[in-house]
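Enquirer: Please see the structure below; I have some questions.
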Amino acid sequence: MKKLKTNPRTMKQKALILVDLEKEWVNKDSDYFIGDVSSLIDKTNSLIGYCRKNNYKIIFTRHIEPDSQVEFSKDSENIEILDKINCNNSDIVIEKNKISPFYQTNLEDELKDVEQIVICGILTNLCVRSLAEGAYDRDFAITIIIDCCQAFDKETHNFTLKDLKETREEIILSSLAKFTKE
């Protein structure tokens with residue numbers, strides 16, 4: 001059988017999109033304090049390592065509230081990526097000020113040569129879900145790494161994932177262990 005040659009410039013890329021992994025969530029004085037994220041950070045760093053090794057485009061989103069002087073404030077260090085997350089200078093960081101990472105950002109441009117996206121981040125039920133829905137409407141193949149996402153509570157997290165799967169069956173929900181074995 002003749003082996004087909006592939007041109008790397010025409011091959012479709014894969015992208016890992018890390019949603020709103022910001023310091024605001026771990027600030028105990030914030031109304032948005034989400035609790036302990038140490039397991040989320042460890043698993044997310046493993047996911048980042050796997051995706052880097054497999055040449056995924058790495059994209060972070062950061063939520064900023066332009067009119068806020070407190071939570072997610074543009075002038076606050078709380079909008080910075082969590083210290084222990086393995087974010088490199090070569091990674092793309094997209095700033096957004098709405099729930100959807102697609103709304104008035106350059107995310108769609110960054111994904112122009114991408115056909116498959118992998119999603120993780122905070123909050124499962126808001127920005128992660130919004131990204132998945134927006135990507136679904138744009139015909140991307142989508143995998144959500146369920147143990148690399150977090151909501152304020154497990155019940156909301158689990159309900160959101162169940163609802164996404166029941167209403168958009170093409171979306172793949174995977175654990176980190178299962179995803180990195182494929």
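Chain lettering (A, B, ...) mirrors the order of the structure tokens, residue numbering begins at 1 for each chain separately, and ligand numbering begins at 1 in order of display.
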For Ile117 of chain A, please output as a VMD selection string all residues within 6 Å (counting only C-alpha atoms; exclusion window: fewer than 5 positions along the same chain).

Expert: chain A and resid 14 to 16 142

Enquirer: Store the residues of this selection in a file with C-alpha atoms, as a PDB file, in the first residue's frame.

Expert:
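Saved as part_8.pdb:
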ATOM      1  CA  LYS A  14      -5.389  20.731  17.420  1.00  0.00           C
ATOM      2  CA  ALA A  15      -5.726  23.295  20.180  1.00  0.00           C
ATOM      3  CA  LEU A  16      -5.938  23.169  23.950  1.00  0.00           C
ATOM      4  CA  ILE A 142     -14.667  19.113  20.924  1.00  0.00           C
TER       5      ILE A 142
END

Enquirer: Quick one: everything within 10 Å of segment 36-40 of chain A, counting only C-alpha atoms, minus sequence neighbours fewer than 6 positions away in the same chain. Send it as a CSV table (one decimal) with N, CA and C atoms, in the first residue's frame.

Expert:
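This went into selection.csv:
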chain,number,residue,atom,x,y,z
A,21,LEU,N,-8.2,30.4,34.0
A,21,LEU,CA,-7.4,29.9,35.2
A,21,LEU,C,-6.7,31.0,35.9
A,25,TRP,N,-10.0,33.3,41.4
A,25,TRP,CA,-10.7,32.1,41.9
A,25,TRP,C,-10.1,31.6,43.2
A,26,VAL,N,-8.9,31.9,43.5
A,26,VAL,CA,-8.2,31.4,44.7
A,26,VAL,C,-8.0,32.5,45.8
A,46,SER,N,-0.5,18.4,33.8
A,46,SER,CA,-0.3,17.2,33.1
A,46,SER,C,-0.9,17.3,31.7
A,82,LEU,N,-3.0,31.6,37.1
A,82,LEU,CA,-2.6,31.0,38.4
A,82,LEU,C,-1.1,30.7,38.3
A,84,LYS,N,0.9,28.5,39.6
A,84,LYS,CA,1.5,27.1,39.4
A,84,LYS,C,1.0,26.5,38.0
A,85,ILE,N,0.3,27.2,37.2
A,85,ILE,CA,-0.1,26.7,35.9
A,85,ILE,C,1.1,26.9,34.9
A,120,CYS,N,-10.6,22.9,28.9
A,120,CYS,CA,-10.6,22.7,30.4
A,120,CYS,C,-10.6,24.1,31.0
A,121,GLY,N,-10.9,24.2,32.3
A,121,GLY,CA,-10.9,25.5,33.0
A,121,GLY,C,-12.0,25.7,34.0
A,122,ILE,N,-12.2,27.0,34.4
A,122,ILE,CA,-13.1,27.4,35.4
A,122,ILE,C,-14.0,28.5,34.8
A,147,ASP,N,-12.0,16.3,34.5
A,147,ASP,CA,-11.4,16.5,35.8
A,147,ASP,C,-10.3,17.6,35.7
A,148,CYS,N,-10.4,18.4,34.6
A,148,CYS,CA,-9.6,19.6,34.5
A,148,CYS,C,-10.5,20.8,34.4
A,149,CYS,N,-11.7,20.6,34.9
A,149,CYS,CA,-12.7,21.7,34.9
A,149,CYS,C,-13.2,21.8,36.4
A,150,GLN,N,-13.7,22.9,36.8
A,150,GLN,CA,-14.2,23.1,38.1
A,150,GLN,C,-15.3,24.1,38.1

Enquirer: Using DSSP on the backbone, list every residue of chain A that comes out as strand (DSSP E or B), and give them as a PyMOL selection string.

Expert: chain A and resi 13-19+22+57-63+65+73+81+92-96+114-122+141-150+172-174

Enquirer: Using only C-alpha atoms, what table do you get, as CSV, when you list each residue of segment 86-173 of chain A with an atom no more than 12 Å from segment 69-73 of chain A, its nearest pair of atoms, and their distance in Å rounded to one decimal, rows by chain then rising number?

Expert:
residue,atom,partner,partner_atom,distance
A:Glu95,CA,A:Phe72,CA,11.3
A:Lys96,CA,A:Phe72,CA,10.8
A:Asn97,CA,A:Phe72,CA,9.3
A:Lys98,CA,A:Phe72,CA,11.5

Enquirer: I need the residue nearest Phe179 of chain A from this list: A:Thr143, A:Glu22, A:Gln104, A:Lys165. Use only C-alpha atoms for the distance.

Expert: A:Thr143

Enquirer: Could you tell me how far atom CA of Glu166 of chain A lies from atom CA of Val19 of chain A, in Å and to one decimal?

Expert: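 That distance, rounded to one decimal, is 22.2 Å.
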